[in-house]
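> Below are the structure tokens for one structure; questions will follow.
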Amino acid sequence: MGVAEDSSPMGMMFDTPRFANTVPFFRFQRFGHSHARTDSDHKLVVVMVGLPARGKSYIVKKLKRYLSWLGFQTKIFNVGDRRRLAGSTDEHEHGPTPARQGVGNDASTCADCDSASAMDKGLRTPSCTHCATRHSSSFFDPDNAKAKQIREQVALDVFEDLLRWLQAGGQIAIHDATNSTIERRSALISRLKSETDVNLLFVESICTDKDIINRNIKLKTQSPDYVGIDPEVAESDFRARLRNYERAYRTIGAAEEKLNVQYCKIIDVGKKVIAYNIQGFLESQVVFYLMNMNLESRVIYVTRHGESEDNAAGRIGGDASLAPNGMKYAKALSRFIDRRRVDFAAEVEENNRRLAHVMASGSSSGANSEPESVSSHGSGAAAPCSMPMSLRRHVQPDFEIWTSMLKRTMETVEYFDPLKYRIKNIRSLNEIYAGKCEGMTYEEIAREYPDEYEARQLDKFYYRYPGIGGESYADVVLRLQQVIVELERIRHSVLLVTHRAMARTLLSYFMDIPTTHMPDMDLPLGFIYGCEPRPFGNFLRVWRYDPEQDDFDEIDASSVLKIRYPKIIMPEQAPTSPVLPSPAEIAYPSIR
Ligand code: F6P
């Protein structure tokens, strides 16, 4: 185990060759690309630690999304999923639990559905396939030796899979489990000793707010462990499981410090962070990101600027002003966001009210149905560790608008009231720089630089425009890294008025779209994408500008983020339009 070795010389990180796909590159190597490894290329295992219902899965998913977006091959290895497949409950559990009294030992029958309480509630399911692989609270009893041995074995088996995946070319693997005892963590540390090129980082999630834990418990009753189980039965079983875990739980501390490992403790989703012995490059990226987490209810809106003179002429790059259509869009945008801001505040209020009702009533049917309906109303209030309601009341809703430093985005926000919005112009949001192709049309590039044109068609993500300052999408990701961390840090809504390549890059992060698809996302002018943080990722809402009504309509988000799969079109085959128009472009010819 390489405990804390710096794995990335800065030169490699920021300086890519022009065609990065042909030369090793630390950040955006391809999986399985044999020559993409270098000696300094350390791998990382992030081992999660923490009691159930402390927001670990939330952290894990978010971290994975961020690291993948940064170009690291990242994978989550979830021990719970494997545990559910690790045989029938009947073989391993001893002693009746409320849900299992009077159950026989036949593994082929459904123990839980045969139980009196489940029968009373009419929960008997025809196939019972879920129950056959589900474990009730007694399986987590630290005194249940047989079950404990199985749990340890499953965790180690998953760890072996994880190591195999790293050996096969993966870069960052996340062991998603409670790992809540010193014994378990020591076993993982020992196993890593022989892996010299793999660093280890423990990330412990601690939550001190009872309201938040209770809310997470409600969400847990909807986990695969409780499919088809009455919510009240599920909740009481989950609480018993928690008590079992609490009996054996030891927070990370002296035992791990003696072994010189790296760890960080995230307390109340980043409110307090303890970092110990963090030395590696990847580890410091992870800790920095986690320190900036924030679960406030808010929306990150992304839109492109209004149509510019260059858009109208089909020219890329440049610094043109808005065309008349673009001015019209700018006015409509400010009207829409003014309205949306009020609507969103009302949605959050309504969500908080309903959530408070569910928590206060302890209604188990509400526990099952409410989070879903909460989600559909646009609040992040159901996030596993969002801000307690008592604090929410004191937070003044704020709203920032970020543009690039190019005229077309700054002009697009001209109609916003600066007294109501904090407007910032950020150079990192400038459009991808096309080097010596700036100001040209795609047709001109195809004619004058056919090799460049073809190279970009073949590998748009890695292709870097020729000429001083020319960029690739891979470069743009690096440029936006700080913007993303800042967006994660601030607690209020933001409208980003930016450009096509930038909008693709930002939405890839928020919507977890693989970098390989990023450059082909279909994002015409005239759309607003609203990303709302939720417990299991970001929820997307989309509005489309209708020039006739001079207003926006909400449209079905699921059909929107279409990927135009790379279709290689040679210049000679595409004399007029090398890029196929999207349905939106057909519907709104002025939108391009
Ligand atoms: O055409 C508008 C524009 O924003 C250009 O300035 C930019 O070069 C281009 O889109 C990015 O899109 P693509 O990567 O598909 O060429």
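In the structure tokens, the first chain shown is A, the next is B, and so on; residue numbers restart at 1 for each chain, and ligands run from 1 in the order shown.
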Select the residues contacting ligand 1 at a distance of at most 10 Å, based on only C-alpha atoms and all ligand atoms, then format the selection as a compact mmCIF listing (two decimals) with all heavy atoms, in the first residue's frame.

```
# COMPACT_ATOMS: atom_id res chain seq x y z
N ARG A 304 -27.34 28.96 -22.54
CA ARG A 304 -26.39 29.63 -23.44
C ARG A 304 -26.84 31.08 -23.60
O ARG A 304 -27.99 31.43 -23.30
CB ARG A 304 -26.35 28.93 -24.79
CG ARG A 304 -25.70 27.56 -24.72
CD ARG A 304 -25.76 26.84 -26.06
NE ARG A 304 -25.04 27.54 -27.12
CZ ARG A 304 -25.13 27.21 -28.42
NH1 ARG A 304 -25.91 26.22 -28.80
NH2 ARG A 304 -24.44 27.88 -29.33
N HIS A 305 -25.94 31.91 -24.06
CA HIS A 305 -26.27 33.32 -24.32
C HIS A 305 -27.34 33.40 -25.42
O HIS A 305 -27.61 32.43 -26.12
CB HIS A 305 -24.99 34.03 -24.77
CG HIS A 305 -24.31 33.32 -25.90
ND1 HIS A 305 -24.72 33.42 -27.21
CD2 HIS A 305 -23.27 32.43 -25.91
CE1 HIS A 305 -23.96 32.66 -27.97
NE2 HIS A 305 -23.07 32.03 -27.20
N GLU A 307 -28.78 34.63 -29.08
CA GLU A 307 -28.12 34.50 -30.38
C GLU A 307 -27.21 35.71 -30.66
O GLU A 307 -27.62 36.85 -30.49
CB GLU A 307 -29.16 34.40 -31.50
CG GLU A 307 -28.51 34.10 -32.84
CD GLU A 307 -29.54 34.03 -33.96
OE1 GLU A 307 -30.45 34.89 -34.00
OE2 GLU A 307 -29.42 33.14 -34.81
N SER A 308 -25.97 35.40 -31.06
CA SER A 308 -25.02 36.49 -31.34
C SER A 308 -24.92 36.70 -32.86
O SER A 308 -25.41 35.89 -33.65
CB SER A 308 -23.64 36.13 -30.79
OG SER A 308 -23.08 35.10 -31.59
N ASP A 310 -22.31 36.32 -34.55
CA ASP A 310 -21.53 35.20 -35.08
C ASP A 310 -22.37 33.93 -35.21
O ASP A 310 -22.21 33.16 -36.16
CB ASP A 310 -20.31 34.91 -34.18
CG ASP A 310 -19.13 35.80 -34.52
OD1 ASP A 310 -19.14 36.44 -35.59
OD2 ASP A 310 -18.20 35.88 -33.68
N ASN A 311 -23.26 33.71 -34.24
CA ASN A 311 -24.16 32.54 -34.35
C ASN A 311 -24.95 32.66 -35.64
O ASN A 311 -25.09 31.69 -36.40
CB ASN A 311 -25.17 32.48 -33.20
CG ASN A 311 -24.54 32.10 -31.88
OD1 ASN A 311 -24.89 32.66 -30.84
ND2 ASN A 311 -23.64 31.14 -31.89
N ALA A 312 -25.48 33.86 -35.86
CA ALA A 312 -26.32 34.07 -37.04
C ALA A 312 -25.51 33.80 -38.32
O ALA A 312 -26.04 33.28 -39.30
CB ALA A 312 -26.88 35.49 -37.03
N ALA A 313 -24.20 34.11 -38.28
CA ALA A 313 -23.36 33.90 -39.48
C ALA A 313 -22.71 32.52 -39.48
O ALA A 313 -21.97 32.18 -40.39
CB ALA A 313 -22.28 34.98 -39.51
N GLY A 314 -22.95 31.73 -38.43
CA GLY A 314 -22.38 30.38 -38.35
C GLY A 314 -20.91 30.36 -37.99
O GLY A 314 -20.21 29.37 -38.23
N ARG A 315 -20.39 31.44 -37.40
CA ARG A 315 -18.96 31.50 -37.04
C ARG A 315 -18.76 31.04 -35.61
O ARG A 315 -19.55 31.38 -34.73
CB ARG A 315 -18.42 32.92 -37.17
CG ARG A 315 -18.65 33.51 -38.52
CD ARG A 315 -17.77 34.70 -38.83
NE ARG A 315 -17.94 35.02 -40.24
CZ ARG A 315 -17.36 34.34 -41.23
NH1 ARG A 315 -16.52 33.37 -40.96
NH2 ARG A 315 -17.60 34.66 -42.49
N ILE A 316 -17.67 30.31 -35.38
CA ILE A 316 -17.41 29.85 -34.02
C ILE A 316 -16.49 30.82 -33.30
O ILE A 316 -15.73 31.57 -33.92
CB ILE A 316 -16.82 28.41 -33.99
CG1 ILE A 316 -15.44 28.36 -34.64
CG2 ILE A 316 -17.78 27.43 -34.65
CD1 ILE A 316 -14.70 27.04 -34.36
N GLY A 317 -16.57 30.78 -31.99
CA GLY A 317 -15.67 31.59 -31.17
C GLY A 317 -15.96 33.07 -31.29
O GLY A 317 -17.10 33.50 -31.42
N GLY A 318 -14.88 33.87 -31.24
CA GLY A 318 -15.01 35.32 -31.38
C GLY A 318 -15.64 35.98 -30.16
O GLY A 318 -15.86 35.34 -29.13
N ASP A 319 -15.90 37.28 -30.33
CA ASP A 319 -16.47 38.03 -29.20
C ASP A 319 -17.54 38.99 -29.73
O ASP A 319 -17.50 40.20 -29.48
CB ASP A 319 -15.35 38.79 -28.47
CG ASP A 319 -15.84 39.35 -27.13
OD1 ASP A 319 -16.93 38.94 -26.67
OD2 ASP A 319 -15.13 40.19 -26.55
N ASN A 430 -15.47 31.30 -20.27
CA ASN A 430 -15.37 31.63 -21.71
C ASN A 430 -15.50 30.37 -22.56
O ASN A 430 -15.14 29.27 -22.12
CB ASN A 430 -14.01 32.27 -22.01
CG ASN A 430 -13.98 33.74 -21.61
OD1 ASN A 430 -14.91 34.24 -20.97
ND2 ASN A 430 -12.91 34.42 -21.97
N GLU A 431 -15.97 30.55 -23.79
CA GLU A 431 -16.17 29.39 -24.67
C GLU A 431 -14.84 28.70 -24.98
O GLU A 431 -13.76 29.33 -24.90
CB GLU A 431 -16.85 29.87 -25.97
CG GLU A 431 -17.14 28.77 -27.00
CD GLU A 431 -17.96 27.60 -26.47
OE1 GLU A 431 -17.62 27.03 -25.40
OE2 GLU A 431 -18.93 27.22 -27.14
N ILE A 432 -14.92 27.43 -25.32
CA ILE A 432 -13.73 26.68 -25.74
C ILE A 432 -13.01 27.53 -26.80
O ILE A 432 -13.65 28.11 -27.69
CB ILE A 432 -14.14 25.29 -26.32
CG1 ILE A 432 -12.93 24.42 -26.59
CG2 ILE A 432 -14.99 25.41 -27.58
CD1 ILE A 432 -13.32 22.95 -26.90
N TYR A 433 -11.70 27.64 -26.67
CA TYR A 433 -10.97 28.52 -27.58
C TYR A 433 -10.49 27.73 -28.79
O TYR A 433 -9.80 26.71 -28.66
CB TYR A 433 -9.79 29.19 -26.84
CG TYR A 433 -9.21 30.31 -27.65
CD1 TYR A 433 -9.91 31.50 -27.83
CD2 TYR A 433 -7.98 30.17 -28.27
CE1 TYR A 433 -9.40 32.53 -28.61
CE2 TYR A 433 -7.45 31.19 -29.05
CZ TYR A 433 -8.16 32.37 -29.21
OH TYR A 433 -7.65 33.38 -29.98
N ALA A 434 -10.88 28.20 -29.97
CA ALA A 434 -10.64 27.41 -31.18
C ALA A 434 -9.31 27.75 -31.87
O ALA A 434 -9.09 27.39 -33.03
CB ALA A 434 -11.81 27.58 -32.15
N GLY A 435 -8.41 28.44 -31.16
CA GLY A 435 -7.07 28.71 -31.72
C GLY A 435 -7.16 29.40 -33.05
O GLY A 435 -7.88 30.39 -33.21
N CYS A 437 -8.68 28.58 -35.57
CA CYS A 437 -10.00 28.42 -36.22
C CYS A 437 -11.03 29.40 -35.67
O CYS A 437 -12.19 29.41 -36.11
CB CYS A 437 -10.52 26.99 -36.03
SG CYS A 437 -9.45 25.76 -36.78
N GLU A 438 -10.65 30.20 -34.70
CA GLU A 438 -11.58 31.21 -34.14
C GLU A 438 -12.15 32.06 -35.27
O GLU A 438 -11.41 32.52 -36.17
CB GLU A 438 -10.86 32.13 -33.15
CG GLU A 438 -10.69 31.55 -31.76
CD GLU A 438 -11.96 31.63 -30.92
OE1 GLU A 438 -12.49 32.73 -30.73
OE2 GLU A 438 -12.42 30.58 -30.45
N GLY A 439 -13.44 32.30 -35.22
CA GLY A 439 -14.07 33.19 -36.19
C GLY A 439 -14.40 32.53 -37.52
O GLY A 439 -14.94 33.16 -38.42
N MET A 440 -14.06 31.24 -37.66
CA MET A 440 -14.35 30.56 -38.94
C MET A 440 -15.69 29.82 -38.83
O MET A 440 -16.16 29.53 -37.74
CB MET A 440 -13.24 29.54 -39.25
CG MET A 440 -11.88 30.18 -39.47
SD MET A 440 -10.59 28.92 -39.69
CE MET A 440 -10.84 28.43 -41.39
N THR A 441 -16.27 29.48 -39.97
CA THR A 441 -17.43 28.59 -39.95
C THR A 441 -16.90 27.14 -40.00
O THR A 441 -15.74 26.93 -40.39
CB THR A 441 -18.36 28.82 -41.17
OG1 THR A 441 -17.61 28.46 -42.34
CG2 THR A 441 -18.80 30.28 -41.26
N TYR A 442 -17.75 26.19 -39.65
CA TYR A 442 -17.29 24.79 -39.74
C TYR A 442 -16.95 24.43 -41.19
O TYR A 442 -16.01 23.67 -41.45
CB TYR A 442 -18.37 23.84 -39.20
CG TYR A 442 -18.56 23.94 -37.69
CD1 TYR A 442 -19.76 24.41 -37.16
CD2 TYR A 442 -17.56 23.55 -36.81
CE1 TYR A 442 -19.95 24.50 -35.80
CE2 TYR A 442 -17.74 23.64 -35.44
CZ TYR A 442 -18.93 24.12 -34.93
OH TYR A 442 -19.10 24.21 -33.57
N ARG A 456 -10.88 16.22 -35.46
CA ARG A 456 -11.86 16.61 -34.44
C ARG A 456 -13.09 15.71 -34.51
O ARG A 456 -13.67 15.32 -33.49
CB ARG A 456 -12.26 18.08 -34.62
CG ARG A 456 -13.07 18.59 -33.44
CD ARG A 456 -13.08 20.10 -33.38
NE ARG A 456 -13.46 20.52 -32.04
CZ ARG A 456 -14.66 20.98 -31.71
NH1 ARG A 456 -15.62 21.04 -32.60
NH2 ARG A 456 -14.92 21.35 -30.48
N GLN A 457 -13.49 15.37 -35.74
CA GLN A 457 -14.64 14.47 -35.87
C GLN A 457 -14.33 13.11 -35.25
O GLN A 457 -15.21 12.48 -34.65
CB GLN A 457 -14.96 14.26 -37.35
CG GLN A 457 -15.43 15.49 -38.09
CD GLN A 457 -16.94 15.65 -38.00
OE1 GLN A 457 -17.67 14.67 -38.05
NE2 GLN A 457 -17.41 16.86 -37.86
N LYS A 460 -13.48 14.12 -30.62
CA LYS A 460 -13.79 15.51 -30.28
C LYS A 460 -13.40 15.86 -28.85
O LYS A 460 -13.04 17.00 -28.55
CB LYS A 460 -15.30 15.71 -30.47
CG LYS A 460 -15.69 17.14 -30.69
CD LYS A 460 -17.13 17.21 -31.13
CE LYS A 460 -17.66 18.62 -30.99
NZ LYS A 460 -19.08 18.70 -31.23
N PHE A 461 -13.43 14.91 -27.95
CA PHE A 461 -13.13 15.22 -26.55
C PHE A 461 -11.66 15.59 -26.35
O PHE A 461 -11.31 16.53 -25.66
CB PHE A 461 -13.52 14.05 -25.64
CG PHE A 461 -13.30 14.35 -24.18
CD1 PHE A 461 -14.19 15.16 -23.48
CD2 PHE A 461 -12.20 13.86 -23.51
CE1 PHE A 461 -13.99 15.48 -22.15
CE2 PHE A 461 -11.99 14.17 -22.17
CZ PHE A 461 -12.88 14.97 -21.49
N TYR A 463 -9.45 16.22 -28.88
CA TYR A 463 -8.89 17.06 -29.94
C TYR A 463 -8.68 18.48 -29.42
O TYR A 463 -9.59 19.10 -28.88
CB TYR A 463 -9.83 17.09 -31.16
CG TYR A 463 -9.40 18.13 -32.17
CD1 TYR A 463 -8.44 17.82 -33.13
CD2 TYR A 463 -9.92 19.42 -32.13
CE1 TYR A 463 -8.03 18.78 -34.04
CE2 TYR A 463 -9.50 20.39 -33.04
CZ TYR A 463 -8.55 20.06 -33.98
OH TYR A 463 -8.13 21.01 -34.87
N TYR A 465 -7.68 22.33 -30.55
CA TYR A 465 -7.57 23.21 -31.73
C TYR A 465 -6.13 23.68 -31.89
O TYR A 465 -5.44 23.97 -30.89
CB TYR A 465 -8.46 24.44 -31.54
CG TYR A 465 -9.90 24.23 -31.97
CD1 TYR A 465 -10.92 24.15 -31.02
CD2 TYR A 465 -10.24 24.11 -33.32
CE1 TYR A 465 -12.25 23.98 -31.40
CE2 TYR A 465 -11.56 23.93 -33.72
CZ TYR A 465 -12.56 23.87 -32.75
OH TYR A 465 -13.85 23.68 -33.14
N GLU A 471 -7.90 24.93 -27.54
CA GLU A 471 -8.29 24.05 -26.43
C GLU A 471 -9.03 22.81 -26.92
O GLU A 471 -9.61 22.80 -28.01
CB GLU A 471 -9.23 24.79 -25.47
CG GLU A 471 -8.54 25.84 -24.61
CD GLU A 471 -9.51 26.49 -23.63
OE1 GLU A 471 -10.54 27.03 -24.10
OE2 GLU A 471 -9.24 26.46 -22.42
N SER A 472 -9.05 21.81 -26.04
CA SER A 472 -9.87 20.61 -26.23
C SER A 472 -10.94 20.61 -25.14
O SER A 472 -10.86 21.40 -24.19
CB SER A 472 -9.00 19.36 -26.08
OG SER A 472 -8.53 19.29 -24.74
N TYR A 473 -11.89 19.70 -25.27
CA TYR A 473 -12.87 19.56 -24.18
C TYR A 473 -12.17 19.11 -22.90
O TYR A 473 -12.56 19.50 -21.80
CB TYR A 473 -13.97 18.57 -24.57
CG TYR A 473 -15.11 19.22 -25.33
CD1 TYR A 473 -15.04 19.41 -26.71
CD2 TYR A 473 -16.23 19.68 -24.67
CE1 TYR A 473 -16.07 20.02 -27.41
CE2 TYR A 473 -17.28 20.29 -25.35
CZ TYR A 473 -17.19 20.47 -26.72
OH TYR A 473 -18.21 21.09 -27.40
N THR A 498 -23.72 30.94 -20.37
CA THR A 498 -22.43 30.57 -20.92
C THR A 498 -22.57 30.11 -22.37
O THR A 498 -23.46 30.56 -23.08
CB THR A 498 -21.75 29.56 -19.96
OG1 THR A 498 -20.53 29.17 -20.50
CG2 THR A 498 -22.61 28.33 -19.68
N HIS A 499 -21.69 29.22 -22.79
CA HIS A 499 -21.57 28.89 -24.21
C HIS A 499 -21.80 27.39 -24.42
O HIS A 499 -21.83 26.63 -23.46
CB HIS A 499 -20.17 29.27 -24.69
CG HIS A 499 -19.81 30.68 -24.38
ND1 HIS A 499 -19.99 31.73 -25.24
CD2 HIS A 499 -19.28 31.24 -23.24
CE1 HIS A 499 -19.60 32.86 -24.68
NE2 HIS A 499 -19.16 32.58 -23.46
N ARG A 500 -21.87 27.00 -25.68
CA ARG A 500 -22.24 25.61 -25.97
C ARG A 500 -21.29 24.58 -25.32
O ARG A 500 -21.74 23.70 -24.60
CB ARG A 500 -22.30 25.37 -27.48
CG ARG A 500 -22.62 23.92 -27.82
CD ARG A 500 -23.28 23.74 -29.14
NE ARG A 500 -22.42 24.13 -30.26
CZ ARG A 500 -22.81 24.10 -31.53
NH1 ARG A 500 -24.04 23.72 -31.82
NH2 ARG A 500 -21.99 24.46 -32.48
N ALA A 501 -19.98 24.70 -25.59
CA ALA A 501 -19.06 23.70 -25.04
C ALA A 501 -19.07 23.76 -23.51
O ALA A 501 -18.96 22.74 -22.83
CB ALA A 501 -17.65 23.94 -25.58
N MET A 502 -19.20 24.96 -22.97
CA MET A 502 -19.19 25.09 -21.51
C MET A 502 -20.46 24.49 -20.91
O MET A 502 -20.41 23.82 -19.88
CB MET A 502 -19.07 26.57 -21.10
CG MET A 502 -17.98 27.31 -21.79
SD MET A 502 -16.43 26.40 -21.76
CE MET A 502 -15.92 26.67 -20.11
N ALA A 503 -21.59 24.75 -21.57
CA ALA A 503 -22.84 24.18 -21.06
C ALA A 503 -22.78 22.66 -21.11
O ALA A 503 -23.23 21.98 -20.19
CB ALA A 503 -24.01 24.71 -21.89
N ARG A 504 -22.19 22.11 -22.17
CA ARG A 504 -22.05 20.66 -22.25
C ARG A 504 -21.21 20.14 -21.08
O ARG A 504 -21.53 19.13 -20.45
CB ARG A 504 -21.35 20.27 -23.56
CG ARG A 504 -22.23 20.33 -24.77
CD ARG A 504 -21.42 20.05 -26.02
NE ARG A 504 -22.27 20.02 -27.19
CZ ARG A 504 -21.87 20.35 -28.41
NH1 ARG A 504 -20.61 20.73 -28.61
NH2 ARG A 504 -22.69 20.29 -29.42
N MET A 518 -19.85 13.85 -23.75
CA MET A 518 -19.98 15.28 -23.49
C MET A 518 -19.98 16.16 -24.76
O MET A 518 -20.88 16.97 -24.95
CB MET A 518 -18.84 15.68 -22.55
CG MET A 518 -18.78 17.12 -22.18
SD MET A 518 -17.16 17.48 -21.47
CE MET A 518 -17.20 16.61 -19.92
N PRO A 519 -18.99 16.00 -25.66
CA PRO A 519 -18.92 16.94 -26.78
C PRO A 519 -20.05 16.76 -27.79
O PRO A 519 -20.19 17.57 -28.70
CB PRO A 519 -17.58 16.62 -27.45
CG PRO A 519 -16.86 15.72 -26.52
CD PRO A 519 -17.88 15.04 -25.68
N ASP A 520 -20.82 15.70 -27.65
CA ASP A 520 -21.87 15.44 -28.63
C ASP A 520 -23.26 15.73 -28.11
O ASP A 520 -24.25 15.42 -28.76
CB ASP A 520 -21.79 13.98 -29.10
CG ASP A 520 -20.46 13.71 -29.75
OD1 ASP A 520 -20.15 14.38 -30.74
OD2 ASP A 520 -19.71 12.86 -29.25
N MET A 521 -23.34 16.32 -26.92
CA MET A 521 -24.66 16.64 -26.39
C MET A 521 -25.29 17.74 -27.23
O MET A 521 -24.64 18.68 -27.63
CB MET A 521 -24.54 17.12 -24.94
CG MET A 521 -24.30 16.01 -23.96
SD MET A 521 -23.68 16.67 -22.41
CE MET A 521 -25.10 17.56 -21.85
N ASP A 522 -26.58 17.57 -27.43
CA ASP A 522 -27.30 18.50 -28.27
C ASP A 522 -27.85 19.63 -27.40
O ASP A 522 -28.85 19.46 -26.73
CB ASP A 522 -28.44 17.71 -28.93
CG ASP A 522 -29.08 18.48 -30.04
OD1 ASP A 522 -28.50 19.50 -30.45
OD2 ASP A 522 -30.16 18.06 -30.50
N LEU A 523 -27.19 20.77 -27.40
CA LEU A 523 -27.63 21.88 -26.55
C LEU A 523 -27.80 23.15 -27.37
O LEU A 523 -26.92 24.01 -27.39
CB LEU A 523 -26.61 22.14 -25.42
CG LEU A 523 -26.32 21.02 -24.44
CD1 LEU A 523 -25.35 21.50 -23.36
CD2 LEU A 523 -27.58 20.52 -23.78
N PRO A 524 -28.92 23.28 -28.04
CA PRO A 524 -29.11 24.48 -28.87
C PRO A 524 -29.29 25.74 -28.03
O PRO A 524 -29.51 25.65 -26.82
CB PRO A 524 -30.42 24.19 -29.63
CG PRO A 524 -30.87 22.84 -29.21
CD PRO A 524 -30.08 22.40 -28.02
N LEU A 525 -29.23 26.89 -28.68
CA LEU A 525 -29.57 28.14 -27.99
C LEU A 525 -31.04 28.06 -27.57
O LEU A 525 -31.84 27.32 -28.15
CB LEU A 525 -29.39 29.32 -28.93
CG LEU A 525 -27.97 29.66 -29.42
CD1 LEU A 525 -28.03 30.80 -30.43
CD2 LEU A 525 -27.07 30.05 -28.26
N VAL A 579 -22.89 19.57 -39.27
CA VAL A 579 -23.55 19.14 -38.04
C VAL A 579 -25.05 19.05 -38.30
O VAL A 579 -25.67 19.98 -38.79
CB VAL A 579 -23.28 20.15 -36.90
CG1 VAL A 579 -24.00 19.72 -35.64
CG2 VAL A 579 -21.78 20.24 -36.66
N ARG A 592 -29.66 28.41 -33.16
CA ARG A 592 -28.60 27.53 -33.60
C ARG A 592 -27.49 27.50 -32.57
O ARG A 592 -27.23 28.45 -31.88
CB ARG A 592 -28.05 28.02 -34.93
CG ARG A 592 -27.39 26.92 -35.71
CD ARG A 592 -27.01 27.32 -37.12
NE ARG A 592 -28.00 28.12 -37.78
CZ ARG A 592 -27.73 29.34 -38.33
NH1 ARG A 592 -26.55 29.86 -38.22
NH2 ARG A 592 -28.67 30.02 -38.95
```
> Just how far from atom CA of Leu219 of chain A is atom CA of Asp268 of chain A, in Å to one decimal?
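These atoms are spaced 17.3 Å apart.
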> Do a neighbour search on Asp553 of chain A at 7 Å with only C-alpha atoms, toss out local chain neighbours closer than 6 positions, and write the hits as a list of chain:residue names.
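Contacts, in chain order: A:Trp543, A:Arg544, A:Tyr545.
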> Taking only C-alpha atoms into account, produce a table as CSV in which each residue of segment 173-237 of chain A with an atom at most 12 Å from an atom of segment 251-255 of chain A appears once, together with its shortest atom pair and the distance in Å to one decimal, ordered by chain and rising number.

```
residue,atom,partner,partner_atom,distance
A:Thr178,CA,A:Thr251,CA,10.8
A:Asn179,CA,A:Thr251,CA,9.8
A:Ser180,CA,A:Thr251,CA,7.0
A:Thr181,CA,A:Thr251,CA,7.7
A:Ile182,CA,A:Ala255,CA,7.2
A:Glu183,CA,A:Ala255,CA,9.8
A:Arg184,CA,A:Ile252,CA,11.4
A:Arg185,CA,A:Ile252,CA,9.0
A:Ser186,CA,A:Ala255,CA,8.6
A:Ile189,CA,A:Ala255,CA,11.4
A:Leu201,CA,A:Ile252,CA,11.6
A:Phe202,CA,A:Ile252,CA,8.4
A:Val203,CA,A:Ile252,CA,9.2
A:Glu204,CA,A:Ile252,CA,7.4
A:Ser205,CA,A:Thr251,CA,9.7
A:Ile206,CA,A:Thr251,CA,8.9
```
> Give me a file of those residues, with C-alpha atoms, as an mmCIF file, in the first residue's frame.

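Output below, filename out-v4.cif:
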```
data_model
loop_
_atom_site.group_PDB
_atom_site.id
_atom_site.type_symbol
_atom_site.label_atom_id
_atom_site.label_comp_id
_atom_site.auth_asym_id
_atom_site.auth_seq_id
_atom_site.Cartn_x
_atom_site.Cartn_y
_atom_site.Cartn_z
ATOM 1 C CA THR A 178 -20.078 0.785 6.971
ATOM 2 C CA ASN A 179 -16.549 -0.475 7.787
ATOM 3 C CA SER A 180 -17.503 0.616 11.260
ATOM 4 C CA THR A 181 -15.170 -1.552 13.359
ATOM 5 C CA ILE A 182 -11.429 -1.297 13.906
ATOM 6 C CA GLU A 183 -11.183 -4.994 13.138
ATOM 7 C CA ARG A 184 -12.701 -4.576 9.662
ATOM 8 C CA ARG A 185 -10.592 -1.539 8.847
ATOM 9 C CA SER A 186 -7.433 -3.316 10.013
ATOM 10 C CA ILE A 189 -5.316 -2.065 5.664
ATOM 11 C CA LEU A 201 -8.058 7.041 2.175
ATOM 12 C CA PHE A 202 -10.737 6.442 4.787
ATOM 13 C CA VAL A 203 -13.718 8.790 4.565
ATOM 14 C CA GLU A 204 -15.960 8.655 7.614
ATOM 15 C CA SER A 205 -19.386 10.240 7.469
ATOM 16 C CA ILE A 206 -20.761 11.360 10.808
#
```
> Find the residues near Ser321 of chain A: any atom within 9 Å, counting only C-alpha atoms, skip ones fewer than 3 places away on the same chain, and give them as a list of chain:residue names.
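Returned residues: A:Glu307, A:Ser308, A:Glu309, A:Asp310, A:Gly326, A:Leu406, A:Lys407, A:Arg408, A:Thr409, A:Glu411.
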> Could you save those same residues with N, CA, C and O atoms as a short mmCIF file (atom, residue, chain, number, x, y, z; two decimals), in the first residue's frame?

```cif
data_model
loop_
_atom_site.label_atom_id
_atom_site.label_comp_id
_atom_site.auth_asym_id
_atom_site.auth_seq_id
_atom_site.Cartn_x
_atom_site.Cartn_y
_atom_site.Cartn_z
N GLU A 307 -28.78 34.63 -29.08
CA GLU A 307 -28.12 34.50 -30.38
C GLU A 307 -27.21 35.71 -30.66
O GLU A 307 -27.62 36.85 -30.49
N SER A 308 -25.97 35.40 -31.06
CA SER A 308 -25.02 36.49 -31.34
C SER A 308 -24.92 36.70 -32.86
O SER A 308 -25.41 35.89 -33.65
N GLU A 309 -24.25 37.78 -33.23
CA GLU A 309 -24.03 38.05 -34.67
C GLU A 309 -23.27 36.88 -35.30
O GLU A 309 -23.56 36.48 -36.42
N ASP A 310 -22.31 36.32 -34.55
CA ASP A 310 -21.53 35.20 -35.08
C ASP A 310 -22.37 33.93 -35.21
O ASP A 310 -22.21 33.16 -36.16
N GLY A 326 -31.15 37.73 -30.01
CA GLY A 326 -30.45 37.48 -28.74
C GLY A 326 -30.89 38.47 -27.67
O GLY A 326 -31.03 38.12 -26.50
N LEU A 406 -17.12 37.16 -22.17
CA LEU A 406 -17.36 37.50 -23.57
C LEU A 406 -18.66 38.30 -23.68
O LEU A 406 -19.60 38.07 -22.90
N LYS A 407 -18.66 39.23 -24.66
CA LYS A 407 -19.78 40.19 -24.74
C LYS A 407 -21.14 39.51 -24.79
O LYS A 407 -22.10 39.96 -24.18
N ARG A 408 -21.21 38.40 -25.55
CA ARG A 408 -22.54 37.81 -25.77
C ARG A 408 -23.19 37.31 -24.49
O ARG A 408 -24.41 37.29 -24.39
N THR A 409 -22.38 36.86 -23.53
CA THR A 409 -23.01 36.41 -22.26
C THR A 409 -23.30 37.61 -21.36
O THR A 409 -24.33 37.65 -20.70
N GLU A 411 -24.00 40.60 -22.28
CA GLU A 411 -25.18 41.31 -22.80
C GLU A 411 -26.47 40.53 -22.51
O GLU A 411 -27.54 41.13 -22.36
#
```
